[in-house]
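Enquirer: Attaching a single structure in structure tokens format; questions to follow.
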Amino acid sequence: MSEMWSWDRAFTVLPQLLQAFLEVTLLATVLGSAIAAVLGLVVAIVRRTAPAWVARPVHWVMEFIRMTPVVVQLLFVYYMFPSWPALWIGIGVLGVHYATYMAEVYRSGIDAVPPGQWEAATALSIPARRTWTRIVVPQALRTTLPALGTWVISMFKDTPFLVVISVTEMVSAAELFGSRTFVYLEAFTLAGLIFLAASYPTSVALRRMEARLARY
Amino acid sequence: MLGTEQTTDPPVIRFENVVKRFGDHTVLDGLSFDVHRGERVTLIGPSGSGKTTILRLVMTLEHLTDGYIYLDGEPFTHELRGGKRVARRSKDVAAVRRKIGMVFQQFNLFPNMSVLENIVEAPVHVLGRSKDEAVERARELLGLVGLTDKEDAHPTRLSGGQQQRVAIARALAMDPEVLLLDEVTSALDPELVGEVLAVLRDVARSTDISMLIVTHEMQFAQEVSQRVLMFDQGRIIEDGTPDVMFSAPEQERTRSFLQAVL
């Protein structure tokens with residue numbers, strides 16, 4: 001280690017890190033998750049309801065996105081559409097990438113709704129759309145929320161990849177500070193701690209929620 | 001084999017040469033029978049004889065392999081057009097299906113809704129009734145099934161017997177012409193069977209809804225139904241009034257079946 005820990009440096013870099021955290025890391029996670037949560041649900045429902053000539057291709061595209069690294073996808077979109085703002089590309093790519101995982105989570109949640117629920121809806125002549133929105137999705141969401149949260153944390157930890165499309169999120173802010181001062185210790189330590197401080201309580205909250213949602 | 005009474009009304013349910021296969025397994029092979037308006041018919045027979053399949057076909061939970069089902073004289077899922085058997089449009093099927101209600105063995109209440117929400121959901125969103133009207137009717141029905149104080153409760157907080165009574169109220173809220181009861185007490189603890197059957201006796205007494213009943217409660221079948229159909233291997237082997245069927249059936253097969261279950 002080239003340098004000893006300096007509290008001075010730590011307090012200098014901290015505001016910069018927090019700013020990058022709020023303006024980029026958190027923003028990308030929140031908006032990316034929103035995209036993933038909505039798109040994932042749409043995909044899961046399309047795969048269950050659309051005719052095969054729609055559902056099949058959707059399935060292939062999802063598989064393709066899931067099986068290729070998010071970094072490659074970021075670079076691909078970034079260089080294909082140079083005029084688009086990099087942060088928005090980052091949010092969009094993260095959102096779509098994680099939508100493919102969330103679609104799988106929703107799918108298992110939808111499959112877990114007992115057949116009797118569908119049959120009761122048929123017996124009451126409730127139309128398909130309302131059966132989905134009022135009966136199936138609310139019940140599926142209950143079982144899927146904790147798993148969806150796990151993917152949000154995963155996405156959160158993937159935000160440093162945004163550096164490849166030159167978006168300065170928290171880790172690249174730390175690196176920037178290091179390259180200016182030639183000392184990386186405080187900046188990277190703090191960046192790591194900030195990640196931990198954000199993910200750990202979230203995962204604890206998720207576990208609590210899981211226990212509470214397990215029963216009606 | 002067909003209806004016991006002669007009426008000018010078309011039968012409320014008519015099965016005509018109904019065939020149902022699951023893969024290679026034929027459950028119903030050309031079944032025909034009529035249920036008249038207001039009639040309560042109990043289907044009995046060994047398991048696998050096709051009783052539940054009949055109810056599920058009427059509720060469109062299973063697809064007809066061949067043949068026709070008529071409701072009030074109107075073709076239901078399929079019709080004969082130009083000499084060919086064709087499926088009817090799903091909109092037409094849905095319109096006919098509204099006349100039918102079903103109570104399931106496993107209750108199948110919606111666990112994400114309160115008792116009251118379970119009951120008013122379809123009247124409001126399928127029949128287009130006003131919320132107030134539907135709620136008023138739902139409270140009336142909760143009174144009928146003896147659960148007035150449970151309207152805000154969650155189904156999972158109720159006993160099996162209470163859940164099944166809510167399910168009965170939910171089916172009745174649609175004002176069905178036909179009520180299908182599919183082994184409605186089979187999933188209940190023995191001490192809860194009585195309360196559900198009592199409610200159904202009330203319903204049978206106070207309405208003229210036609211009923212198709214699959215049950216192992218022979219006492220109940222005898223009290224409520226005017227007609228009993230004995231099934232074996234997808235065919236009706238005996239058709240008679242409960243008095244005759246339960247005391248002096250003609251067929252040896254019926255006799256041995258009843259001996260085994262009574």
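Every chain in the structure tokens takes a letter, A first, then B, and so on in the order presented; its residues are numbered from 1, and the ligands are numbered from 1 following the presented order.
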Distance cut-off 10 Å, counting only C-alpha atoms - which residues of chain A neighbour chain B? Return them as a PyMOL selection string.

Expert: chain A and resi 114-127+130+134-136+138-139+142+215-216

Enquirer: Please provide the set of residues having any atom within 12 Å of Val46 in chain A, restricted to only C-alpha atoms, with same-chain residues fewer than 6 positions apart removed, written as a VMD selection string.

Expert: chain A and resid 39 to 40 52 to 59 103 106 to 107 132

Enquirer: Extract, using only C-alpha atoms, all DNA, RNA and protein residues at most 12 Å from range 246-260 of chain B, discarding same-chain residues fewer than 3 positions from it, and format them as a PyMOL selection string.

Expert: chain B and resi 42-47+49+216-223+225+227-233+236-243

Enquirer: Would you output that residue set with C-alpha atoms, as a compact mmCIF listing (two decimals), in the first residue's frame?

Expert:
# COMPACT_ATOMS: atom_id res chain seq x y z
CA THR B 42 -77.61 -35.61 -8.65
CA LEU B 43 -74.94 -37.54 -10.50
CA ILE B 44 -73.64 -40.59 -8.68
CA GLY B 45 -71.22 -43.30 -9.63
CA PRO B 46 -67.72 -44.57 -8.94
CA SER B 47 -64.81 -42.17 -9.32
CA SER B 49 -67.16 -42.44 -14.20
CA HIS B 216 -70.94 -38.35 -1.92
CA GLU B 217 -73.53 -37.10 0.59
CA MET B 218 -76.34 -39.47 -0.33
CA GLN B 219 -78.64 -38.20 2.41
CA PHE B 220 -78.32 -34.70 0.98
CA ALA B 221 -78.84 -35.96 -2.57
CA GLN B 222 -82.00 -37.69 -1.50
CA GLU B 223 -83.39 -34.59 0.21
CA SER B 225 -82.76 -33.72 -5.79
CA ARG B 227 -83.66 -37.10 -9.99
CA VAL B 228 -80.57 -39.25 -9.65
CA LEU B 229 -78.41 -40.42 -12.52
CA MET B 230 -76.15 -43.39 -11.93
CA PHE B 231 -73.01 -43.29 -14.05
CA ASP B 232 -70.58 -46.01 -14.88
CA GLN B 233 -67.76 -45.69 -17.39
CA ILE B 236 -75.94 -43.41 -17.58
CA ILE B 237 -76.88 -46.87 -16.39
CA GLU B 238 -79.88 -45.85 -14.32
CA ASP B 239 -82.10 -42.77 -14.09
CA GLY B 240 -84.76 -42.38 -11.45
CA THR B 241 -86.19 -40.52 -8.49
CA PRO B 242 -84.12 -40.56 -5.31
CA ASP B 243 -86.72 -42.68 -3.52

Enquirer: For Gly146 in chain B, list every protein, DNA or RNA residue within 9 Å, evaluated using only C-alpha atoms, and leave out those in the same chain fewer than 3 positions away; present the list as a ChimeraX atom specification.

Expert: /B:141-143,149,162,165,199

Enquirer: Would you kindly return, as a PyMOL selection string, each protein, DNA or RNA residue with an atom no farther than 8 Å from any atom of Leu74 in chain A, considering only C-alpha atoms and excluding same-chain residues fewer than 6 positions away?

Expert: chain A and resi 89-90+93+162+164-165

Enquirer: Which neighbours of Arg212 in chain A fall inside 12 Å, counting only C-alpha atoms, when residues of the same chain fewer than 4 positions from it are skipped, and could you give them as a list in words?

Expert: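 Residues meeting the cut-off are Arg142, Thr143, Leu145, Pro146, Ala205, Leu206, Arg207, Arg208 and Tyr216 of chain A.
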
Enquirer: Output C-alpha atoms for every residue in the selection just made, as a JSON list (two decimals), in the first residue's frame.

Expert:
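To be explicit, this is the file written out as result-v8.json:
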[["chain", "number", "residue", "atom", "x", "y", "z"],
["A", 142, "ARG", "CA", -47.05, -11.35, -3.77],
["A", 143, "THR", "CA", -44.82, -14.32, -4.35],
["A", 145, "LEU", "CA", -41.68, -9.26, -4.94],
["A", 146, "PRO", "CA", -38.75, -10.57, -2.88],
["A", 205, "ALA", "CA", -35.85, -5.43, 4.20],
["A", 206, "LEU", "CA", -36.52, -7.88, 1.37],
["A", 207, "ARG", "CA", -36.09, -10.85, 3.66],
["A", 208, "ARG", "CA", -38.55, -9.33, 6.13],
["A", 216, "TYR", "CA", -52.09, -13.77, 3.49]]

Enquirer: Where in range 111-240 of chain B does DSSP assign strand (DSSP E or B), given as a tab-separated table (two decimals) with N, CA and C atoms, in the first residue's frame?

Expert:
chain	number	residue	atom	x	y	z
B	178	VAL	N	-78.52	-22.05	-13.74
B	178	VAL	CA	-78.05	-23.39	-13.42
B	178	VAL	C	-76.91	-23.27	-12.42
B	179	LEU	N	-76.97	-24.08	-11.38
B	179	LEU	CA	-75.88	-24.09	-10.41
B	179	LEU	C	-75.24	-25.47	-10.42
B	180	LEU	N	-73.93	-25.49	-10.60
B	180	LEU	CA	-73.19	-26.75	-10.62
B	180	LEU	C	-72.47	-26.90	-9.29
B	181	LEU	N	-72.70	-28.01	-8.61
B	181	LEU	CA	-72.07	-28.24	-7.31
B	181	LEU	C	-71.13	-29.44	-7.44
B	182	ASP	N	-69.83	-29.17	-7.42
B	182	ASP	CA	-68.85	-30.23	-7.67
B	182	ASP	C	-68.21	-30.70	-6.37
B	210	SER	N	-81.96	-24.40	-11.35
B	210	SER	CA	-81.68	-25.79	-11.71
B	210	SER	C	-80.31	-26.16	-11.13
B	211	MET	N	-80.19	-27.39	-10.69
B	211	MET	CA	-78.90	-27.79	-10.11
B	211	MET	C	-78.43	-29.11	-10.67
B	212	LEU	N	-77.12	-29.15	-10.87
B	212	LEU	CA	-76.47	-30.39	-11.25
B	212	LEU	C	-75.46	-30.66	-10.14
B	213	ILE	N	-75.65	-31.77	-9.45
B	213	ILE	CA	-74.91	-31.99	-8.21
B	213	ILE	C	-74.07	-33.26	-8.30
B	214	VAL	N	-72.79	-33.13	-7.99
B	214	VAL	CA	-71.95	-34.31	-7.81
B	214	VAL	C	-71.59	-34.36	-6.34
B	227	ARG	N	-84.06	-36.10	-9.02
B	227	ARG	CA	-83.66	-37.10	-9.99
B	227	ARG	C	-82.22	-37.50	-9.72
B	228	VAL	N	-81.93	-38.76	-9.86
B	228	VAL	CA	-80.57	-39.25	-9.65
B	228	VAL	C	-80.14	-40.02	-10.89
B	229	LEU	N	-78.96	-39.69	-11.37
B	229	LEU	CA	-78.41	-40.42	-12.52
B	229	LEU	C	-77.21	-41.24	-12.04
B	230	MET	N	-77.27	-42.52	-12.29
B	230	MET	CA	-76.15	-43.39	-11.93
B	230	MET	C	-75.23	-43.56	-13.14
B	231	PHE	N	-73.99	-43.21	-12.96
B	231	PHE	CA	-73.01	-43.29	-14.05
B	231	PHE	C	-72.06	-44.45	-13.83
B	232	ASP	N	-71.70	-45.06	-14.94
B	232	ASP	CA	-70.58	-46.01	-14.88
B	232	ASP	C	-69.88	-45.95	-16.22
B	235	ARG	N	-71.33	-43.68	-18.97
B	235	ARG	CA	-72.68	-43.86	-19.46
B	235	ARG	C	-73.66	-43.81	-18.30
B	236	ILE	N	-74.90	-43.37	-18.60
B	236	ILE	CA	-75.94	-43.41	-17.58
B	236	ILE	C	-76.50	-44.82	-17.56
B	237	ILE	N	-76.36	-45.50	-16.42
B	237	ILE	CA	-76.88	-46.87	-16.39
B	237	ILE	C	-78.22	-46.93	-15.67
B	238	GLU	N	-78.56	-45.88	-14.93
B	238	GLU	CA	-79.88	-45.85	-14.32
B	238	GLU	C	-80.29	-44.41	-14.03
B	239	ASP	N	-81.58	-44.13	-14.19
B	239	ASP	CA	-82.10	-42.77	-14.09
B	239	ASP	C	-83.43	-42.86	-13.35
B	240	GLY	N	-83.50	-42.27	-12.18
B	240	GLY	CA	-84.76	-42.38	-11.45
B	240	GLY	C	-84.88	-41.37	-10.34

Enquirer: Take CA of Ala112 in chain A and CA of Ile45 in chain A and report the distance between them in Å, one decimal.

Expert: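 Here the two named atoms are 13.8 Å from each other.
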
Enquirer: Could you jot down the CA of Glu74 in chain B to CA of Glu62 in chain B separation for me, Å, one decimal place?

Expert: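 The value is 18.9 Å.
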
Enquirer: I'd like the contact shell of Ala86 in chain A - 8 Å cut-off, only C-alpha atoms, skipping same-chain residues fewer than 5 positions apart - returned as a list in words.

Expert: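 Residues meeting the cut-off are Tyr78, Ile165, Ser166 and Val167 of chain A.
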
Enquirer: Deliver the residues from the most recent selection as a file, using C-alpha atoms, as a CSV table (one decimal), in the first residue's frame.

Expert:
chain,number,residue,atom,x,y,z
A,78,TYR,CA,-23.6,3.3,-27.3
A,165,ILE,CA,-19.9,4.1,-22.0
A,166,SER,CA,-18.2,6.9,-20.1
A,167,VAL,CA,-20.9,7.6,-17.6

Enquirer: Interatomic distance between CA of Glu175 in chain A and CA of Met155 in chain A?

Expert: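 Spanning CA of Glu175 in chain A to CA of Met155 in chain A is a straight-line distance of 20.5 Å.
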
Enquirer: Extract the full set of helix (DSSP H, G or I) residues from range 42-246 of chain B according to DSSP on the backbone, and format it as a VMD selection string.

Expert: chain B and resid 51 to 58 90 to 97 115 to 125 131 to 144 148 to 150 155 to 157 160 to 172 190 to 206 218 to 224 242 to 246

Enquirer: May I have the selected residues written with C-alpha atoms, as a compact mmCIF listing (two decimals), in the first residue's frame?

Expert:
# COMPACT_ATOMS: atom_id res chain seq x y z
CA LYS B 51 -69.45 -37.04 -13.25
CA THR B 52 -67.08 -34.17 -12.57
CA THR B 53 -66.14 -34.03 -16.25
CA ILE B 54 -69.80 -33.39 -17.05
CA LEU B 55 -69.92 -30.38 -14.73
CA ARG B 56 -66.62 -29.08 -16.07
CA LEU B 57 -67.88 -29.39 -19.64
CA VAL B 58 -70.98 -27.38 -18.78
CA SER B 90 -66.13 -16.90 -27.75
CA LYS B 91 -68.41 -13.88 -27.29
CA ASP B 92 -71.48 -16.05 -27.86
CA VAL B 93 -70.13 -18.74 -25.55
CA ALA B 94 -69.51 -16.11 -22.87
CA ALA B 95 -73.07 -14.82 -23.13
CA VAL B 96 -74.48 -18.30 -22.53
CA ARG B 97 -71.96 -19.07 -19.80
CA VAL B 115 -65.29 -11.67 1.25
CA LEU B 116 -67.46 -8.82 -0.02
CA GLU B 117 -65.08 -8.07 -2.93
CA ASN B 118 -65.17 -11.73 -3.92
CA ILE B 119 -68.94 -11.58 -4.20
CA VAL B 120 -69.36 -8.22 -5.97
CA GLU B 121 -66.47 -8.60 -8.44
CA ALA B 122 -68.39 -10.38 -11.19
CA PRO B 123 -71.80 -8.71 -10.77
CA VAL B 124 -70.12 -5.31 -11.17
CA HIS B 125 -67.55 -6.15 -13.82
CA LYS B 131 -71.50 -1.00 -7.01
CA ASP B 132 -74.29 -0.11 -4.54
CA GLU B 133 -76.71 -2.59 -6.03
CA ALA B 134 -74.11 -5.36 -6.03
CA VAL B 135 -73.07 -4.66 -2.44
CA GLU B 136 -76.67 -4.65 -1.26
CA ARG B 137 -77.31 -7.99 -2.95
CA ALA B 138 -74.03 -9.41 -1.62
CA ARG B 139 -75.05 -8.51 1.95
CA GLU B 140 -78.40 -10.18 1.39
CA LEU B 141 -76.62 -13.34 0.21
CA LEU B 142 -74.17 -13.23 3.12
CA GLY B 143 -77.24 -13.20 5.33
CA LEU B 144 -78.57 -16.25 3.52
CA THR B 148 -73.19 -11.27 7.73
CA ASP B 149 -70.37 -10.35 10.09
CA LYS B 150 -67.60 -11.58 7.77
CA PRO B 155 -60.98 -15.70 2.82
CA THR B 156 -57.86 -17.29 4.31
CA ARG B 157 -58.99 -16.24 7.79
CA GLY B 160 -63.31 -24.25 5.16
CA GLY B 161 -67.04 -24.33 5.79
CA GLN B 162 -67.22 -20.54 5.89
CA GLN B 163 -65.15 -20.27 2.72
CA GLN B 164 -67.47 -22.64 0.94
CA ARG B 165 -70.51 -20.65 2.08
CA VAL B 166 -68.91 -17.51 0.67
CA ALA B 167 -68.28 -19.39 -2.58
CA ILE B 168 -71.98 -20.31 -2.70
CA ALA B 169 -72.94 -16.67 -2.15
CA ARG B 170 -70.49 -15.63 -4.86
CA ALA B 171 -72.03 -18.05 -7.37
CA LEU B 172 -75.58 -16.97 -6.47
CA PRO B 190 -66.49 -33.69 8.80
CA GLU B 191 -67.83 -31.26 11.41
CA LEU B 192 -68.08 -28.48 8.80
CA VAL B 193 -70.06 -30.45 6.23
CA GLY B 194 -73.39 -29.86 7.95
CA GLU B 195 -73.31 -26.06 7.80
CA VAL B 196 -72.62 -26.07 4.06
CA LEU B 197 -75.33 -28.61 3.29
CA ALA B 198 -77.79 -26.64 5.44
CA VAL B 199 -77.11 -23.55 3.33
CA LEU B 200 -77.60 -25.51 0.12
CA ARG B 201 -80.90 -26.95 1.39
CA ASP B 202 -82.02 -23.36 2.01
CA VAL B 203 -80.99 -22.36 -1.48
CA ALA B 204 -82.80 -25.33 -2.95
CA ARG B 205 -85.94 -24.48 -0.98
CA SER B 206 -85.98 -20.75 -1.60
CA MET B 218 -76.34 -39.47 -0.33
CA GLN B 219 -78.64 -38.20 2.41
CA PHE B 220 -78.32 -34.70 0.98
CA ALA B 221 -78.84 -35.96 -2.57
CA GLN B 222 -82.00 -37.69 -1.50
CA GLU B 223 -83.39 -34.59 0.21
CA VAL B 224 -82.54 -32.03 -2.43
CA PRO B 242 -84.12 -40.56 -5.31
CA ASP B 243 -86.72 -42.68 -3.52
CA VAL B 244 -86.47 -45.43 -6.09
CA MET B 245 -82.74 -45.10 -6.66
CA PHE B 246 -81.77 -45.19 -3.00

Enquirer: Of the residues A:Leu27, A:Leu185, A:Leu94, A:Ile153, which is the one nearest to Leu75 in chain A, using only C-alpha atoms?

Expert: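 Once distances to Leu75 in chain A are computed over only C-alpha atoms, the minimum belongs to A:Leu94.
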